[in-house]
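Below you'll find the structure, written out as structure tokens, and then a few comments.
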Amino acid sequence: MKLDAKSTIESGKAILGIEFGSTRIKAVLIDQENKPIAQGSHTWENQFVDGLWTYSIDAVWNGLQDCYSDLRANVKKEYNTEIKSLAAIGISAMMHGYMAFNKNEEILVPFRTWRNTNTGEAAAALSELFVFNIPLRWSISHIYQAILNNEKHVGEINFLTTLAGYVHWQLTGEKVLGIGDASGMIPIDPVTKNYSAEMVSKFEKLVAPKGFSWKLSDILPKVLNAGENAGMLTEKGAKLLDDSGNLAAGVPLCPPEGDAGTGMVATNAVKQRTGNVSAGTSSFSMIVLEKDLSKPYEMIDMVTTPDGSPVAMVHCNNCTSDLNAWINIFKEYQELLGIPVDMNEIFSKLYNNALAGDADCGGLLSYNYISGEPVTGVADGRPLFIRSANDKFTLANFMRAHLYGSVGVLKIGNDILFNEEKIKVDRITGHGGLFKTKGVGQKILAAAINSPISVMETAGEGGAWGIALLGAYLVNNSDSLSLADYLDNKVFAGNKGIEIAPDPKDVEGFNVYIENYKSALPIESIASQYKK
């Protein structure tokens, strides 16, 4: 019998997904048909403290409680009821980074996020040792850099995890991690679906002379696949999540995942020859591979789907932040003229006007580097707009250049996959803020990677919906389907979204733009050496 949303909530059959994004913590409540029935959110920002990007522990818990409180308020307003029990919970967050704890469960240094690019020496050394590309933001890079820097806290480490793993641990008492998020700590063996024993052994031999009391294998969270039991909400966890005291303990949780994994789930892109592009504060593309790449590439990270399939990931630290900053300049101009501001209208007008620009942006260039960009080898971020006196400096070209710039680094990485490795895909789905203005971001991305791009109605739901679906997969998969089949049959049921194919003229124009972009990169590198 199908329950209405209120009855679903009151009978404890709703499933909660929470994702800690870069600028927003979002909660989504779904029903038994996997449809969102309520949402909540909390806005937060990272802080640049002592040369590193971080979020405080207080910000994590205050943000989680405020987000859940907002969800409760929306449920009360919409359905005049209270959330007292749930069928399942899933926690997701920004992948990678570094959260190290001592035996008293105290964080040893402030959380070091994916955005930090101070781990170059460690990442290079480990990439050589493992014969495997180890990105700057991975947890193994952070811990080894801390060792190279002789940071005193390293000797006290008792547990090392990601943000999703930390929150899940505090809610359940379980030191576990979903395989997708775990693959951003240290590489995963695709056969054992666990951390690579060979690489763990190499690392332990590398640091053995330091004489630490711990071994890497002892301080990492246990790896779990999608659908495996990851513990239950404890009394302490229930109070941490819901400070009103209404939510009962005993709710099962699915393995905590990274935002890349939940993006794959939310776009039905966990099957081989599918892929997705997430484009918001940062951007990344995920292509599920049929076979291994021919060799390691510094620009491409090898991670996994939430059920352990190998994925080629191109991760870019920057995407829409600089573009949004320019949009705000136009907002200020409207306010100066006394014109009422509708941000949706401003985005729509400017984005659509960009489509009237020249395919190569008239020679204009935009570097959207709010923070450093490892893919192009730029250590520190300096947003930069470049033009020469002879370029076609129009509003349409200006906006188009910034839209191109938001996915320029993504194109550089994906050109390796499609042009050099000859990877084949059947479907790539886009999601995130870049796609909110209908058709525009989709058309730009299609030109960038010369591939059809689909966007689904549910794309705006994002990772919080994706982790809620993994919660549903844990408790509602009575047919024991694979994750890909569960998504195909139970969630998307043939919905492939609206597809836009690349326009050959746009593809040609973007190729001209990206060659100019690459040739002018030394200007960005020089700019990045100057203090803010």
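In the structure tokens, the first chain shown is A, the next is B, and so on; residue numbers restart at 1 for each chain, and ligands run from 1 in the order shown.
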
List as a short mmCIF file (atom, residue, chain, number, x, y, z; two decimals) with N, CA and C atoms, in the first residue's frame the protein and nucleic acid residues near Lys490 of chain A, meaning an atom at most 12 Å away when only C-alpha atoms are counted, but skip any in the same chain fewer than 2 places from it.
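Result written to out.cif:
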```
data_model
loop_
_atom_site.label_atom_id
_atom_site.label_comp_id
_atom_site.auth_asym_id
_atom_site.auth_seq_id
_atom_site.Cartn_x
_atom_site.Cartn_y
_atom_site.Cartn_z
N GLN A 32 9.14 5.86 0.23
CA GLN A 32 9.46 4.49 -0.18
C GLN A 32 9.62 4.34 -1.68
N GLU A 33 9.21 5.36 -2.43
CA GLU A 33 9.42 5.34 -3.88
C GLU A 33 10.63 6.20 -4.26
N ASN A 34 11.43 6.55 -3.27
CA ASN A 34 12.69 7.27 -3.45
C ASN A 34 12.51 8.72 -3.89
N LYS A 35 11.33 9.27 -3.68
CA LYS A 35 11.06 10.64 -4.07
C LYS A 35 11.24 11.58 -2.86
N ASN A 268 22.51 8.20 -11.67
CA ASN A 268 22.44 6.84 -12.23
C ASN A 268 23.66 6.53 -13.08
N LEU A 469 19.40 7.62 -1.29
CA LEU A 469 19.17 6.43 -2.13
C LEU A 469 20.03 5.26 -1.67
N ALA A 472 18.27 3.81 1.14
CA ALA A 472 17.17 2.98 0.66
C ALA A 472 17.68 1.64 0.15
N TYR A 473 18.84 1.67 -0.52
CA TYR A 473 19.44 0.42 -1.04
C TYR A 473 19.78 -0.53 0.10
N ASN A 476 15.77 -1.36 1.60
CA ASN A 476 14.62 -1.67 0.73
C ASN A 476 14.96 -2.56 -0.47
N ASN A 477 16.15 -3.17 -0.46
CA ASN A 477 16.58 -3.98 -1.60
C ASN A 477 16.26 -5.45 -1.36
N SER A 478 14.97 -5.75 -1.23
CA SER A 478 14.55 -7.13 -0.91
C SER A 478 14.86 -8.11 -2.04
N ASP A 479 15.04 -7.61 -3.27
CA ASP A 479 15.35 -8.49 -4.40
C ASP A 479 16.84 -8.74 -4.56
N SER A 480 17.65 -8.20 -3.66
CA SER A 480 19.11 -8.37 -3.69
C SER A 480 19.71 -7.98 -5.04
N LEU A 481 19.26 -6.86 -5.58
CA LEU A 481 19.77 -6.36 -6.86
C LEU A 481 21.14 -5.72 -6.67
N SER A 482 21.93 -5.71 -7.74
CA SER A 482 23.16 -4.92 -7.72
C SER A 482 22.77 -3.45 -7.62
N LEU A 483 23.71 -2.60 -7.21
CA LEU A 483 23.39 -1.18 -7.08
C LEU A 483 22.94 -0.59 -8.42
N ALA A 484 23.64 -0.95 -9.51
CA ALA A 484 23.28 -0.43 -10.84
C ALA A 484 21.87 -0.86 -11.22
N ASP A 485 21.53 -2.12 -10.97
CA ASP A 485 20.18 -2.61 -11.32
C ASP A 485 19.12 -1.99 -10.42
N TYR A 486 19.46 -1.80 -9.14
CA TYR A 486 18.51 -1.16 -8.22
C TYR A 486 18.17 0.25 -8.70
N LEU A 487 19.20 1.00 -9.09
CA LEU A 487 18.98 2.37 -9.57
C LEU A 487 18.18 2.35 -10.87
N ASP A 488 18.55 1.46 -11.79
CA ASP A 488 17.84 1.37 -13.07
C ASP A 488 16.36 1.02 -12.88
N PHE A 492 15.21 5.12 -11.20
CA PHE A 492 15.12 5.93 -12.42
C PHE A 492 14.14 5.36 -13.45
N ALA A 493 13.97 4.05 -13.46
CA ALA A 493 12.96 3.39 -14.33
C ALA A 493 12.93 3.95 -15.74
N GLY A 494 14.09 3.98 -16.37
CA GLY A 494 14.15 4.41 -17.77
C GLY A 494 14.32 5.89 -17.99
N ASN A 495 14.26 6.70 -16.93
CA ASN A 495 14.44 8.15 -17.07
C ASN A 495 15.91 8.48 -17.33
#
```

Exercise. Could you please write out, as an MDAnalysis selection string, every residue of segment 173-418 of chain A that DSSP assigns to strand (DSSP E)?
Key: chainID A and resid 176:178 188:189 194:195 222:224 257:258 274:279 283:288 301:304 310:316 365:367 384:386

Store the residues picked out above in a file with N, CA and C atoms, as a CSV table (one decimal), in the first residue's frame.
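As written to disk, again_25.csv reads:
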```
chain,number,residue,atom,x,y,z
A,176,VAL,N,34.0,3.2,10.1
A,176,VAL,CA,33.8,2.6,8.8
A,176,VAL,C,33.8,3.7,7.8
A,177,LEU,N,33.9,3.2,6.5
A,177,LEU,CA,33.8,4.2,5.4
A,177,LEU,C,33.4,3.4,4.1
A,178,GLY,N,32.5,4.1,3.4
A,178,GLY,CA,32.1,3.5,2.1
A,178,GLY,C,33.3,3.4,1.1
A,188,ILE,N,42.4,1.6,-3.7
A,188,ILE,CA,41.6,0.4,-3.4
A,188,ILE,C,42.0,-0.7,-4.4
A,189,ASP,N,42.1,-1.9,-3.9
A,189,ASP,CA,42.4,-3.1,-4.8
A,189,ASP,C,41.0,-3.5,-5.4
A,194,ASN,N,39.2,-3.7,-1.0
A,194,ASN,CA,39.7,-3.2,0.3
A,194,ASN,C,40.9,-2.3,-0.1
A,195,TYR,N,41.5,-1.6,0.9
A,195,TYR,CA,42.7,-0.9,0.6
A,195,TYR,C,43.8,-1.8,0.0
A,222,LYS,N,37.3,0.9,8.5
A,222,LYS,CA,37.0,-0.3,7.7
A,222,LYS,C,36.2,0.0,6.5
A,223,VAL,N,36.6,-0.7,5.4
A,223,VAL,CA,35.9,-0.4,4.1
A,223,VAL,C,34.7,-1.2,3.9
A,224,LEU,N,33.6,-0.5,3.5
A,224,LEU,CA,32.3,-1.2,3.3
A,224,LEU,C,31.8,-0.9,1.9
A,257,GLU,N,29.6,8.0,2.6
A,257,GLU,CA,30.2,8.1,1.3
A,257,GLU,C,30.7,9.6,1.0
A,258,GLY,N,31.6,9.7,0.0
A,258,GLY,CA,32.0,11.0,-0.5
A,258,GLY,C,31.0,11.6,-1.5
A,274,THR,N,29.2,4.6,-18.2
A,274,THR,CA,28.4,5.8,-17.9
A,274,THR,C,29.3,6.7,-17.1
A,275,GLY,N,28.9,8.0,-17.0
A,275,GLY,CA,29.7,9.0,-16.3
A,275,GLY,C,28.8,10.1,-15.9
A,276,ASN,N,29.4,10.9,-15.0
A,276,ASN,CA,28.7,12.1,-14.6
A,276,ASN,C,29.6,13.3,-14.4
A,277,VAL,N,29.1,14.5,-14.5
A,277,VAL,CA,29.9,15.7,-14.2
A,277,VAL,C,29.2,16.5,-13.1
A,278,SER,N,29.9,16.7,-12.0
A,278,SER,CA,29.3,17.6,-10.9
A,278,SER,C,30.0,18.9,-11.1
A,279,ALA,N,29.2,20.0,-11.2
A,279,ALA,CA,29.8,21.3,-11.4
A,279,ALA,C,29.1,22.3,-10.4
A,283,SER,N,34.5,21.1,-9.3
A,283,SER,CA,33.9,20.3,-10.3
A,283,SER,C,34.7,19.0,-10.5
A,284,PHE,N,34.0,18.0,-10.8
A,284,PHE,CA,34.7,16.7,-11.2
A,284,PHE,C,33.9,15.9,-12.1
A,285,SER,N,34.6,15.1,-12.9
A,285,SER,CA,33.9,14.2,-13.8
A,285,SER,C,34.3,12.8,-13.3
A,286,MET,N,33.3,11.9,-13.5
A,286,MET,CA,33.5,10.5,-13.1
A,286,MET,C,33.1,9.6,-14.3
A,287,ILE,N,34.1,8.8,-14.8
A,287,ILE,CA,33.8,7.9,-15.9
A,287,ILE,C,34.0,6.5,-15.4
A,288,VAL,N,33.0,5.6,-15.4
A,288,VAL,CA,33.1,4.3,-14.9
A,288,VAL,C,33.7,3.4,-16.1
A,301,ASP,N,42.5,10.8,-11.3
A,301,ASP,CA,42.5,10.0,-10.1
A,301,ASP,C,41.7,8.7,-10.3
A,302,MET,N,42.2,7.6,-9.8
A,302,MET,CA,41.5,6.4,-9.9
A,302,MET,C,40.8,6.1,-8.6
A,303,VAL,N,39.5,6.2,-8.6
A,303,VAL,CA,38.6,6.0,-7.4
A,303,VAL,C,37.6,4.8,-7.7
A,304,THR,N,36.6,4.7,-7.0
A,304,THR,CA,35.6,3.7,-7.2
A,304,THR,C,34.2,4.2,-7.1
A,310,PRO,N,36.0,0.4,-10.8
A,310,PRO,CA,37.0,1.5,-11.0
A,310,PRO,C,36.4,2.6,-11.8
A,311,VAL,N,36.8,3.8,-11.4
A,311,VAL,CA,36.4,5.1,-12.0
A,311,VAL,C,37.5,6.0,-12.2
A,312,ALA,N,37.6,6.6,-13.4
A,312,ALA,CA,38.5,7.6,-13.7
A,312,ALA,C,37.9,9.0,-13.4
A,313,MET,N,38.6,9.7,-12.5
A,313,MET,CA,38.0,10.9,-11.9
A,313,MET,C,39.0,12.1,-12.3
A,314,VAL,N,38.4,13.1,-12.9
A,314,VAL,CA,39.1,14.4,-13.1
A,314,VAL,C,38.5,15.4,-12.1
A,315,HIS,N,39.3,15.8,-11.1
A,315,HIS,CA,38.8,16.7,-10.0
A,315,HIS,C,39.5,18.0,-10.2
A,316,CYS,N,38.6,19.1,-10.2
A,316,CYS,CA,39.1,20.4,-10.3
A,316,CYS,C,38.7,21.2,-9.0
A,365,LEU,N,39.8,35.3,-22.1
A,365,LEU,CA,40.2,34.2,-21.3
A,365,LEU,C,39.8,34.4,-19.8
A,366,SER,N,39.4,33.4,-19.1
A,366,SER,CA,39.1,33.5,-17.7
A,366,SER,C,39.7,32.3,-17.0
A,367,TYR,N,40.5,32.6,-15.9
A,367,TYR,CA,41.0,31.6,-15.0
A,367,TYR,C,40.2,31.8,-13.7
A,384,LEU,N,41.6,35.4,-12.5
A,384,LEU,CA,42.2,36.2,-13.5
A,384,LEU,C,41.4,36.3,-14.8
A,385,PHE,N,41.2,37.5,-15.3
A,385,PHE,CA,40.5,37.7,-16.6
A,385,PHE,C,41.5,38.4,-17.5
A,386,ILE,N,41.7,37.8,-18.7
A,386,ILE,CA,42.7,38.3,-19.6
A,386,ILE,C,42.1,38.6,-21.0
```

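Nearest residue to Cys67 of chain A, choosing from A:Glu128, A:Glu19, A:Glu508, A:Asp292 and counting only C-alpha atoms: A:Glu19.
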
Exercise. Name the closest residue to Met264 of chain A among the candidates A:Ser213, A:Asn317, A:Asn397, A:Thr429; distances are taken between atoms, counting only C-alpha atoms.
Key: A:Thr429

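If you count only C-alpha atoms and ignore residues fewer than 3 places along the chain from Ala124 of chain A, what sits within 9 Å of it is A:Thr119, A:Gly120, A:Glu121, A:Ser127, A:Glu128, A:Leu129, A:Asn133, A:Ile134, A:Pro135, A:Leu136, A:Ser141.
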
Each residue of segment 439-517 of chain A lying at most 7 Å from segment 247-256 of chain A should get a row with its shortest atom-to-atom pair and the distance in Å to one decimal, counting only C-alpha atoms; could you produce that, ordered by chain and increasing number, as a tab-separated table?
```
residue	atom	partner	partner_atom	distance
A:Leu470	CA	A:Cys254	CA	6.5
A:Gly471	CA	A:Cys254	CA	5.2
A:Leu474	CA	A:Cys254	CA	6.1
```

Contacts of segment 401-418 of chain A at 7 Å (only C-alpha atoms; same-chain gap of 5+ positions) as a CSV table (one decimal) with C-alpha atoms, in the first residue's frame:
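Output contents, as saved in around.csv:
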```csv
chain,number,residue,atom,x,y,z
A,284,PHE,CA,34.7,16.7,-11.2
A,299,MET,CA,45.6,14.7,-14.0
A,300,ILE,CA,43.4,11.6,-13.4
A,314,VAL,CA,39.1,14.4,-13.1
A,316,CYS,CA,39.1,20.4,-10.3
A,319,CYS,CA,34.3,25.8,-10.9
A,320,THR,CA,31.6,28.4,-10.4
A,323,LEU,CA,31.6,33.1,-12.2
A,361,CYS,CA,34.8,33.8,-26.8
A,364,LEU,CA,38.8,36.5,-24.0
A,365,LEU,CA,40.2,34.2,-21.3
A,366,SER,CA,39.1,33.5,-17.7
A,367,TYR,CA,41.0,31.6,-15.0
A,368,ASN,CA,38.6,30.8,-12.2
A,375,VAL,CA,45.5,19.7,-12.7
A,423,ILE,CA,37.5,5.7,-23.5
A,444,ILE,CA,28.9,24.5,-22.7
A,448,ALA,CA,34.0,21.2,-23.7
A,449,ILE,CA,34.2,17.4,-23.7
A,514,ILE,CA,41.5,25.9,-24.5
```

Quiz prompt | DSSP alpha helix (DSSP H) selection over segment 174-322 of chain A, as a ChimeraX atom specification | solution = /A:179-182,197-207,216-219,235-241,259-266,321-322

Same residues, C-alpha atoms, output as a CSV table (one decimal), in the first residue's frame:
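Below is the file part_30.csv, written as the result:
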```
chain,number,residue,atom,x,y,z
A,179,ILE,CA,34.5,2.2,-0.6
A,180,GLY,CA,34.1,5.3,-2.8
A,181,ASP,CA,35.2,7.6,0.0
A,182,ALA,CA,37.8,5.2,1.1
A,197,ALA,CA,47.6,-4.4,0.7
A,198,GLU,CA,50.7,-3.7,-1.4
A,199,MET,CA,50.5,0.0,-1.1
A,200,VAL,CA,49.7,-0.1,2.6
A,201,SER,CA,52.8,-2.3,3.1
A,202,LYS,CA,55.0,0.0,1.1
A,203,PHE,CA,53.8,3.0,3.1
A,204,GLU,CA,54.4,1.2,6.4
A,205,LYS,CA,57.9,0.3,5.4
A,206,LEU,CA,58.5,3.9,4.2
A,207,VAL,CA,57.6,5.4,7.6
A,216,LEU,CA,48.5,2.6,8.7
A,217,SER,CA,46.4,-0.5,8.6
A,218,ASP,CA,45.4,0.1,12.3
A,219,ILE,CA,44.3,3.7,12.0
A,235,GLU,CA,21.4,7.5,21.8
A,236,LYS,CA,24.4,9.9,21.7
A,237,GLY,CA,24.2,10.1,17.9
A,238,ALA,CA,20.4,10.8,18.0
A,239,LYS,CA,21.1,13.8,20.4
A,240,LEU,CA,23.9,15.0,18.2
A,241,LEU,CA,21.7,15.0,15.1
A,259,ASP,CA,30.3,13.5,-2.6
A,260,ALA,CA,31.7,11.9,-5.8
A,261,GLY,CA,30.0,8.6,-5.0
A,262,THR,CA,26.7,10.2,-4.1
A,263,GLY,CA,26.8,12.2,-7.3
A,264,MET,CA,27.2,9.0,-9.3
A,265,VAL,CA,24.2,7.5,-7.5
A,266,ALA,CA,22.1,10.7,-8.0
A,321,SER,CA,32.8,30.6,-7.5
A,322,ASP,CA,34.5,33.2,-9.7
```

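For the pair atom CA of Ala208 of chain A and atom CA of Ser139 of chain A, the interatomic distance is 18.4 Å.
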
Quiz prompt | Gly97 of chain A environment, 7 Å, only C-alpha atoms, sequence neighbours closer than 2 positions dropped, as an MDAnalysis selection string | solution = chainID A and resid 95 99 112:114 137:139 162

Exercise. Tell me which of A:Tyr369, A:Phe435, A:Tyr297, A:Phe101 sits closest to Trp169 of chain A, counting only C-alpha atoms.
Key: A:Phe101

Quiz item: Do you know which residues are at most 9 Å from segment 48-64 of chain A counting only C-alpha atoms, after dropping those on the same chain fewer than 4 positions away, and could you put them as a count of residues only?
Solution: 27

Exercise. Can you pull out every residue within 6 Å of Gly357 of chain A, counting only C-alpha atoms, but drop anything in the same chain fewer than 2 positions away, and send it as a VMD selection string?
Key: chain A and resid 354 to 355 396 to 397

Write the residues you've just listed into a file as a compact mmCIF listing (two decimals), in the first residue's frame, and include N, CA and C atoms for each of them.
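Saved to result.txt:
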```txt
# COMPACT_ATOMS: atom_id res chain seq x y z
N ALA A 354 25.28 34.58 -23.01
CA ALA A 354 26.59 33.99 -23.34
C ALA A 354 26.52 33.14 -24.60
N LEU A 355 25.36 32.51 -24.82
CA LEU A 355 25.21 31.65 -26.00
C LEU A 355 25.25 32.45 -27.30
N ALA A 396 28.42 39.29 -24.11
CA ALA A 396 28.19 37.87 -24.43
C ALA A 396 29.49 37.09 -24.39
N ASN A 397 30.57 37.64 -24.96
CA ASN A 397 31.86 36.96 -24.94
C ASN A 397 32.44 36.90 -23.53
```

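The gap separating atom CA of Asn74 of chain A from atom CA of Gln170 of chain A is 25.4 Å, in Å to one decimal.
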
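Of note, atom CA of Lys6 of chain A and atom CA of Thr234 of chain A are spaced 25.1 Å apart.
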